[in-house]
Amino acid sequence: MYRSKAYSAASAISPLQSDTIPRREPTDRDVQIDILYCGVCHSDLHYARDEWHSVMPTVYPCVPGHEIVGRVTRVGAAVTKLKVGDLAGVGCLVDADPACPHSQAGHEQFSPTQVMTYGSPDKHGTAPVTYGGYSESIVVDEHFALRIPANLDPAGVAPLLCAGITTYSPLRHWQVGPGQKVGVVGLGGLGHMAVKFARAFGAHVVVFTTSPEKEEDALRLGAHEVVLSTQPDEMARHAGTFHFILDTVSAPHDINAYLHQLAVDGNLTLVGAPEKPFEISSFALLFGRKSLSGSLIGGIAETQEMLDFCGVHNITADIELIPIQKINEAYARLLKGDVKYRFSIDMASLKAE
Ligand code: NAP
Ligand code: ZN
């Protein structure tokens with residue numbers, strides 16, 4: 001066991017602060033990664049503040065962070081995927097039984113044996129729960145370490161490990177492509193990646209935003225049209241016309257208004273995970289045989305596919321690079337929707353402490 005510098009929260013109302021955490025020595029199958037950048041996902045904030053208490057109560061101290069890019073510094077004897085000096089990524093998952101049918105199908109995220117990057121019981125016994133990427137280094141089974149395309153800026157790649165795969169996976173599952181009208185609700189970390197992917201897949205992309213100042217950016221990011229969702233006349237103009245809508249909003253809002261935007265047989269997929277349940281009118285689904293579904297990150301093979309796609313198409317997140325000392329300020333800004341469009345933490349700032 002060795003210790004790594006980290007930022008942790010001690011309770012739901014505590015700010016994140018400097019700490020040290022235990023990490024295991026790499027086993028035969030493990031790689032040790034020196035973390036260079038870690039994206040700041042709204043899930044980190046939900047988790048640090050125990051907003052998902054009824055589903056997955058937070059264990060304190062907690063170390064968030066599941067958009068990790070770093071340099072491999074040590075590899076176990078049996079590791080073949082990566083070597084010392086390689087860039088590597090770690091997303092939301094660090095383990096799952098490879099024999100489980102979900103893992104076999106490439107959907108480790110649905111396995112009852114899955115271990116999340118932070119907040120899951122640590123089966124190695126290093127700590128009570130796993131600790132995430134707001135830290136100097138991480139040790140992970142090689143299966144859960146991703147290869148990073150060499151042509152991309154690693155600070156902008158980090159958010160692909162969650163925001164990227166969480167939007168890529170449902171867009172692929174619902175076969176979004178040419179001839180389809182696709183809506184993206186919320187232009188934040190996930191939303192801006194959804195716009196880039198839906199555009200790259202050839203769909204007609206419409207952004208629904210509550211923020212008038214983001215309209216220009218939405219077009220620059222790849223949207224064909226922007227709807228200010230607070231304006232009833234703008235909403236009415238598109239009613240009943242969408243094949244697919246991806247809802248990335250982090251706070252309670254009226255999803256019936258978006259079900260109303262769907263065409264017959266259209267689907268609305270939720271990836272946003274607000275604290276409180278939604279109220280859904282069955283009539284919003286009945287008229288038009290519409291469907292409502294959810295999607296959780298993506299499996300490891302699909303995450304690699306997404307990263308390779310980004311390498312070929314030169315796609316990264318639009319980031320604001322911050323030192324880790326600004327993490328509490330970044331959380332406050334996330335709550336105001338004030339981020340363009342993902343914070344990425346420069347971990348050199350933690351090493352310098
Ligand atoms: P984010 O960067 O904070 O973006 C959320 C966006 O939602 C905001 O930029 C804003 O966009 C919109 N929004 C915020 N409050 C709103 C409100 N009260 N009413 C309407 N719109 C509002 O968050 P993120 O990191 O993209 O994460 C989004 C959600 O996805 C979070 O709940 C997160 O936990 C969840 N998530 C789920 C998965 C999964 O696997 N399913 C993975 C990662 C994250 P506008 O300004 O454009 O309106
Ligand atoms: Zn996330």
# chains A, B, ... in the order shown; residues from 1 in each chain; ligands from 1
$ residues_around --residues "A:Ala284" --least-positions-apart "3" --cutoff "7 Å" --atoms "only C-alpha atoms" --output "PDB file with N, CA and C atoms, in the first residue's frame"
ATOM      1  N   ASN A 256     -42.429  16.214 -19.453  1.00  0.00           N
ATOM      2  CA  ASN A 256     -43.606  16.106 -20.335  1.00  0.00           C
ATOM      3  C   ASN A 256     -43.484  17.064 -21.517  1.00  0.00           C
ATOM      4  N   LEU A 259     -41.431  15.214 -23.991  1.00  0.00           N
ATOM      5  CA  LEU A 259     -42.163  14.087 -24.601  1.00  0.00           C
ATOM      6  C   LEU A 259     -43.094  14.635 -25.694  1.00  0.00           C
ATOM      7  N   HIS A 260     -43.624  15.816 -25.453  1.00  0.00           N
ATOM      8  CA  HIS A 260     -44.505  16.491 -26.398  1.00  0.00           C
ATOM      9  C   HIS A 260     -43.767  16.833 -27.703  1.00  0.00           C
ATOM     10  N   SER A 281     -46.853  12.401 -17.273  1.00  0.00           N
ATOM     11  CA  SER A 281     -48.229  12.207 -17.711  1.00  0.00           C
ATOM     12  C   SER A 281     -48.262  11.031 -18.677  1.00  0.00           C
ATOM     13  N   PHE A 287     -50.319   9.165 -26.682  1.00  0.00           N
ATOM     14  CA  PHE A 287     -50.570   9.759 -27.998  1.00  0.00           C
ATOM     15  C   PHE A 287     -49.255   9.763 -28.785  1.00  0.00           C
TER      16      PHE A 287
END
$ residues_near_ligand --ligand "ligand 2" --cutoff "6 Å" --atoms "only C-alpha atoms and all ligand atoms" --output "list in words"
Cys41, Ser43, Cys162 and Ala163 of chain A
$ residues_around --residues "A:Arg333" --least-positions-apart "3" --cutoff "12 Å" --atoms "only C-alpha atoms" --output "list in words"
Val40, His42, Leu45, Gly188, Glu320, Lys326, Ile327, Asn328, Glu329, Ala330, Lys336, Gly337, Asp338, Val339, Lys340, Tyr341, Arg342 and Phe343 of chain A
$ residues_around --residues "stretch 228-238 of chain A" --least-positions-apart "2" --cutoff "8 Å" --atoms "only C-alpha atoms" --output "JSON, numbers by chain"
{"A": [208, 209, 210, 211, 212, 226, 240, 241, 242, 261]}
$ write_last_selection --atoms "N, CA and C atoms" --output "short mmCIF file (atom, residue, chain, number, x, y, z; two decimals), in the first residue's frame"
data_model
loop_
_atom_site.label_atom_id
_atom_site.label_comp_id
_atom_site.auth_asym_id
_atom_site.auth_seq_id
_atom_site.Cartn_x
_atom_site.Cartn_y
_atom_site.Cartn_z
N PHE A 208 -31.95 22.19 -26.84
CA PHE A 208 -32.90 22.87 -25.95
C PHE A 208 -32.11 23.40 -24.77
N THR A 209 -32.11 24.71 -24.60
CA THR A 209 -31.36 25.30 -23.49
C THR A 209 -32.22 26.29 -22.73
N THR A 210 -31.88 26.45 -21.44
CA THR A 210 -32.55 27.49 -20.64
C THR A 210 -31.70 28.77 -20.63
N SER A 211 -30.53 28.72 -21.27
CA SER A 211 -29.56 29.82 -21.18
C SER A 211 -29.39 30.52 -22.52
N PRO A 212 -30.00 31.71 -22.67
CA PRO A 212 -29.91 32.41 -23.96
C PRO A 212 -28.47 32.66 -24.39
N VAL A 226 -31.37 26.02 -32.34
CA VAL A 226 -31.39 26.14 -30.88
C VAL A 226 -32.78 26.59 -30.45
N GLY A 240 -43.88 17.53 -31.71
CA GLY A 240 -44.22 16.33 -32.49
C GLY A 240 -43.27 16.02 -33.63
N THR A 241 -42.03 16.52 -33.60
CA THR A 241 -41.16 16.36 -34.78
C THR A 241 -39.86 15.58 -34.53
N PHE A 242 -39.59 15.21 -33.30
CA PHE A 242 -38.26 14.60 -33.03
C PHE A 242 -38.30 13.06 -33.04
N GLN A 261 -42.47 16.95 -27.62
CA GLN A 261 -41.67 17.29 -28.82
C GLN A 261 -41.45 16.08 -29.72
#
$ select_by_dssp --residues "stretch 48-236 of chain A" --states "alpha helix (DSSP H)" --output "JSON, numbers by chain"
{"A": [48, 101, 102, 103, 104, 154, 155, 156, 157, 163, 164, 165, 166, 167, 168, 169, 170, 171, 172, 173, 189, 190, 191, 192, 193, 194, 195, 196, 197, 198, 199, 200, 215, 216, 217, 218, 219, 220, 221, 232, 233, 234, 235, 236]}
$ closest_residue --among "A:Val205, A:Val72, A:Val312, A:Leu334" --to "A:Val182" --atoms "only C-alpha atoms"
A:Val205
$ residues_around --residues "A:Trp174" --least-positions-apart "6" --cutoff "10 Å" --atoms "only C-alpha atoms" --output "list of chain:residue names"
A:His243, A:Phe244, A:Asn267, A:Thr269
$ residues_around --residues "A:Ala99" --least-positions-apart "6" --cutoff "12 Å" --atoms "only C-alpha atoms" --output "ChimeraX atom specification"
/A:105-108,111-114
$ residues_around --residues "stretch 27-36 of chain A" --least-positions-apart "4" --cutoff "6 Å" --atoms "only C-alpha atoms" --output "count of residues only"
19
$ closest_residue --among "A:Ala6, A:His192, A:Asp217, A:Gly183" --to "A:Ala263" --atoms "only C-alpha atoms"
A:Gly183
$ closest_residue --among "A:Phe110, A:Phe197, A:Tyr7, A:Tyr131" --to "A:Arg24" --atoms "only C-alpha atoms"
A:Tyr131
$ closest_residue --among "A:Glu225, A:Asp247, A:Asp95, A:Asp86" --to "ligand 1" --atoms "only C-alpha atoms and all ligand atoms"
A:Asp247
$ closest_residue --among "A:Glu51, A:Glu25, A:Glu279, A:Asp346" --to "ligand 1" --atoms "only C-alpha atoms and all ligand atoms"
A:Glu51
$ atom_distance --atom1 "atom CA of A:Gly177" --atom2 "atom CA of A:His204"
8.3 Å
$ closest_residue --among "A:Cys62, A:Leu292, A:Glu275, A:Val55" --to "A:Pro15" --atoms "only C-alpha atoms"
A:Cys62
$ select_by_dssp --residues "stretch 149-246 of chain A" --states "strand (DSSP E)" --output "mmCIF file with all heavy atoms, in the first residue's frame"
data_model
loop_
_atom_site.group_PDB
_atom_site.id
_atom_site.type_symbol
_atom_site.label_atom_id
_atom_site.label_comp_id
_atom_site.auth_asym_id
_atom_site.auth_seq_id
_atom_site.Cartn_x
_atom_site.Cartn_y
_atom_site.Cartn_z
ATOM 1 N N LYS A 181 -34.132 13.762 -36.792
ATOM 2 C CA LYS A 181 -34.094 15.018 -36.030
ATOM 3 C C LYS A 181 -33.889 14.641 -34.560
ATOM 4 O O LYS A 181 -34.694 13.901 -33.980
ATOM 5 C CB LYS A 181 -35.407 15.772 -36.239
ATOM 6 C CG LYS A 181 -35.406 17.147 -35.603
ATOM 7 C CD LYS A 181 -36.628 17.937 -36.065
ATOM 8 C CE LYS A 181 -36.768 19.233 -35.290
ATOM 9 N NZ LYS A 181 -37.996 19.959 -35.632
ATOM 10 N N VAL A 182 -32.804 15.146 -33.997
ATOM 11 C CA VAL A 182 -32.386 14.752 -32.650
ATOM 12 C C VAL A 182 -32.313 15.979 -31.747
ATOM 13 O O VAL A 182 -31.726 17.001 -32.129
ATOM 14 C CB VAL A 182 -31.014 14.048 -32.722
ATOM 15 C CG1 VAL A 182 -30.433 13.834 -31.340
ATOM 16 C CG2 VAL A 182 -31.158 12.712 -33.437
ATOM 17 N N GLY A 183 -32.897 15.855 -30.572
ATOM 18 C CA GLY A 183 -32.848 16.952 -29.605
ATOM 19 C C GLY A 183 -31.873 16.641 -28.480
ATOM 20 O O GLY A 183 -31.763 15.487 -28.053
ATOM 21 N N VAL A 184 -31.178 17.661 -28.003
ATOM 22 C CA VAL A 184 -30.308 17.521 -26.837
ATOM 23 C C VAL A 184 -30.798 18.541 -25.819
ATOM 24 O O VAL A 184 -30.823 19.745 -26.111
ATOM 25 C CB VAL A 184 -28.826 17.786 -27.194
ATOM 26 C CG1 VAL A 184 -27.966 17.770 -25.940
ATOM 27 C CG2 VAL A 184 -28.326 16.769 -28.221
ATOM 28 N N VAL A 185 -31.218 18.063 -24.651
ATOM 29 C CA VAL A 185 -31.745 18.964 -23.625
ATOM 30 C C VAL A 185 -30.646 19.254 -22.603
ATOM 31 O O VAL A 185 -30.131 18.334 -21.961
ATOM 32 C CB VAL A 185 -32.973 18.353 -22.914
ATOM 33 C CG1 VAL A 185 -33.612 19.400 -21.996
ATOM 34 C CG2 VAL A 185 -33.989 17.828 -23.915
ATOM 35 N N HIS A 204 -29.847 15.738 -37.793
ATOM 36 C CA HIS A 204 -30.195 17.159 -37.679
ATOM 37 C C HIS A 204 -30.333 17.434 -36.178
ATOM 38 O O HIS A 204 -31.179 16.845 -35.502
ATOM 39 C CB HIS A 204 -31.510 17.446 -38.409
ATOM 40 C CG HIS A 204 -31.892 18.896 -38.363
ATOM 41 N ND1 HIS A 204 -31.433 19.812 -39.288
ATOM 42 C CD2 HIS A 204 -32.655 19.593 -37.480
ATOM 43 C CE1 HIS A 204 -31.903 21.011 -38.983
ATOM 44 N NE2 HIS A 204 -32.644 20.909 -37.896
ATOM 45 N N VAL A 205 -29.505 18.313 -35.646
ATOM 46 C CA VAL A 205 -29.381 18.460 -34.192
ATOM 47 C C VAL A 205 -30.009 19.767 -33.698
ATOM 48 O O VAL A 205 -29.699 20.845 -34.215
ATOM 49 C CB VAL A 205 -27.894 18.423 -33.768
ATOM 50 C CG1 VAL A 205 -27.763 18.448 -32.252
ATOM 51 C CG2 VAL A 205 -27.191 17.201 -34.354
ATOM 52 N N VAL A 206 -30.859 19.627 -32.686
ATOM 53 C CA VAL A 206 -31.499 20.796 -32.077
ATOM 54 C C VAL A 206 -31.184 20.800 -30.578
ATOM 55 O O VAL A 206 -31.404 19.800 -29.895
ATOM 56 C CB VAL A 206 -33.034 20.761 -32.278
ATOM 57 C CG1 VAL A 206 -33.688 21.994 -31.658
ATOM 58 C CG2 VAL A 206 -33.388 20.659 -33.758
ATOM 59 N N VAL A 207 -30.672 21.914 -30.096
ATOM 60 C CA VAL A 207 -30.373 22.040 -28.660
ATOM 61 C C VAL A 207 -31.518 22.758 -27.960
ATOM 62 O O VAL A 207 -32.004 23.784 -28.448
ATOM 63 C CB VAL A 207 -29.057 22.823 -28.446
ATOM 64 C CG1 VAL A 207 -28.909 23.292 -27.002
ATOM 65 C CG2 VAL A 207 -27.867 21.967 -28.840
ATOM 66 N N PHE A 208 -31.954 22.189 -26.836
ATOM 67 C CA PHE A 208 -32.904 22.870 -25.953
ATOM 68 C C PHE A 208 -32.107 23.402 -24.772
ATOM 69 O O PHE A 208 -31.506 22.632 -24.025
ATOM 70 C CB PHE A 208 -33.957 21.888 -25.413
ATOM 71 C CG PHE A 208 -34.892 21.346 -26.459
ATOM 72 C CD1 PHE A 208 -34.634 20.130 -27.086
ATOM 73 C CD2 PHE A 208 -36.056 22.039 -26.799
ATOM 74 C CE1 PHE A 208 -35.511 19.617 -28.032
ATOM 75 C CE2 PHE A 208 -36.933 21.532 -27.749
ATOM 76 C CZ PHE A 208 -36.661 20.318 -28.372
ATOM 77 N N THR A 209 -32.111 24.714 -24.601
ATOM 78 C CA THR A 209 -31.356 25.302 -23.492
ATOM 79 C C THR A 209 -32.224 26.287 -22.732
ATOM 80 O O THR A 209 -33.155 26.877 -23.297
ATOM 81 C CB THR A 209 -30.069 25.993 -24.009
ATOM 82 O OG1 THR A 209 -29.346 26.523 -22.900
ATOM 83 C CG2 THR A 209 -30.358 27.135 -24.986
ATOM 84 N N GLU A 225 -30.000 23.960 -34.964
ATOM 85 C CA GLU A 225 -30.990 24.902 -34.440
ATOM 86 C C GLU A 225 -30.909 24.917 -32.912
ATOM 87 O O GLU A 225 -30.486 23.940 -32.301
ATOM 88 C CB GLU A 225 -32.419 24.459 -34.829
ATOM 89 C CG GLU A 225 -32.702 24.477 -36.319
ATOM 90 C CD GLU A 225 -34.115 23.989 -36.618
ATOM 91 O OE1 GLU A 225 -35.066 24.729 -36.331
ATOM 92 O OE2 GLU A 225 -34.249 22.860 -37.114
ATOM 93 N N VAL A 226 -31.367 26.016 -32.339
ATOM 94 C CA VAL A 226 -31.392 26.140 -30.878
ATOM 95 C C VAL A 226 -32.776 26.595 -30.452
ATOM 96 O O VAL A 226 -33.350 27.494 -31.061
ATOM 97 C CB VAL A 226 -30.358 27.178 -30.384
ATOM 98 C CG1 VAL A 226 -30.278 27.162 -28.858
ATOM 99 C CG2 VAL A 226 -28.995 26.922 -30.987
ATOM 100 N N VAL A 227 -33.296 25.949 -29.405
ATOM 101 C CA VAL A 227 -34.609 26.328 -28.868
ATOM 102 C C VAL A 227 -34.409 26.815 -27.434
ATOM 103 O O VAL A 227 -33.816 26.107 -26.617
ATOM 104 C CB VAL A 227 -35.576 25.124 -28.866
ATOM 105 C CG1 VAL A 227 -36.876 25.472 -28.153
ATOM 106 C CG2 VAL A 227 -35.841 24.649 -30.287
ATOM 107 N N LEU A 228 -34.879 28.007 -27.173
ATOM 108 C CA LEU A 228 -34.858 28.507 -25.800
ATOM 109 C C LEU A 228 -36.091 27.905 -25.114
ATOM 110 O O LEU A 228 -37.223 28.307 -25.389
ATOM 111 C CB LEU A 228 -34.898 30.039 -25.842
ATOM 112 C CG LEU A 228 -34.405 30.754 -24.599
ATOM 113 C CD1 LEU A 228 -33.023 30.280 -24.151
ATOM 114 C CD2 LEU A 228 -34.390 32.253 -24.861
ATOM 115 N N PHE A 242 -39.587 15.205 -33.302
ATOM 116 C CA PHE A 242 -38.264 14.596 -33.032
ATOM 117 C C PHE A 242 -38.297 13.064 -33.043
ATOM 118 O O PHE A 242 -39.172 12.441 -32.442
ATOM 119 C CB PHE A 242 -37.738 15.059 -31.660
ATOM 120 C CG PHE A 242 -37.231 16.472 -31.676
ATOM 121 C CD1 PHE A 242 -38.115 17.538 -31.497
ATOM 122 C CD2 PHE A 242 -35.894 16.744 -31.894
ATOM 123 C CE1 PHE A 242 -37.656 18.841 -31.534
ATOM 124 C CE2 PHE A 242 -35.427 18.041 -31.932
ATOM 125 C CZ PHE A 242 -36.311 19.104 -31.746
ATOM 126 N N HIS A 243 -37.283 12.461 -33.670
ATOM 127 C CA HIS A 243 -37.133 11.004 -33.611
ATOM 128 C C HIS A 243 -36.576 10.585 -32.254
ATOM 129 O O HIS A 243 -36.930 9.539 -31.718
ATOM 130 C CB HIS A 243 -36.166 10.521 -34.704
ATOM 131 C CG HIS A 243 -36.680 10.773 -36.076
ATOM 132 N ND1 HIS A 243 -36.367 11.896 -36.805
ATOM 133 C CD2 HIS A 243 -37.520 10.048 -36.843
ATOM 134 C CE1 HIS A 243 -36.969 11.852 -37.982
ATOM 135 N NE2 HIS A 243 -37.686 10.746 -38.024
ATOM 136 N N PHE A 244 -35.668 11.398 -31.748
ATOM 137 C CA PHE A 244 -34.943 11.015 -30.521
ATOM 138 C C PHE A 244 -34.546 12.275 -29.767
ATOM 139 O O PHE A 244 -34.124 13.257 -30.377
ATOM 140 C CB PHE A 244 -33.691 10.215 -30.903
ATOM 141 C CG PHE A 244 -32.861 9.785 -29.722
ATOM 142 C CD1 PHE A 244 -33.273 8.725 -28.928
ATOM 143 C CD2 PHE A 244 -31.673 10.445 -29.400
ATOM 144 C CE1 PHE A 244 -32.508 8.324 -27.827
ATOM 145 C CE2 PHE A 244 -30.905 10.052 -28.305
ATOM 146 C CZ PHE A 244 -31.329 8.987 -27.531
ATOM 147 N N ILE A 245 -34.686 12.210 -28.440
ATOM 148 C CA ILE A 245 -34.235 13.322 -27.593
ATOM 149 C C ILE A 245 -33.400 12.752 -26.449
ATOM 150 O O ILE A 245 -33.795 11.762 -25.819
ATOM 151 C CB ILE A 245 -35.439 14.122 -27.025
ATOM 152 C CG1 ILE A 245 -36.221 14.794 -28.171
ATOM 153 C CG2 ILE A 245 -34.970 15.173 -26.023
ATOM 154 C CD1 ILE A 245 -37.465 15.569 -27.730
ATOM 155 N N LEU A 246 -32.247 13.359 -26.203
ATOM 156 C CA LEU A 246 -31.398 12.965 -25.083
ATOM 157 C C LEU A 246 -31.478 14.071 -24.030
ATOM 158 O O LEU A 246 -31.118 15.218 -24.304
ATOM 159 C CB LEU A 246 -29.943 12.779 -25.551
ATOM 160 C CG LEU A 246 -29.009 12.101 -24.557
ATOM 161 C CD1 LEU A 246 -29.410 10.633 -24.343
ATOM 162 C CD2 LEU A 246 -27.560 12.170 -25.050
#
$ atom_distance --atom1 "atom CA of A:Ala251" --atom2 "atom CA of A:Ile300"
27.8 Å
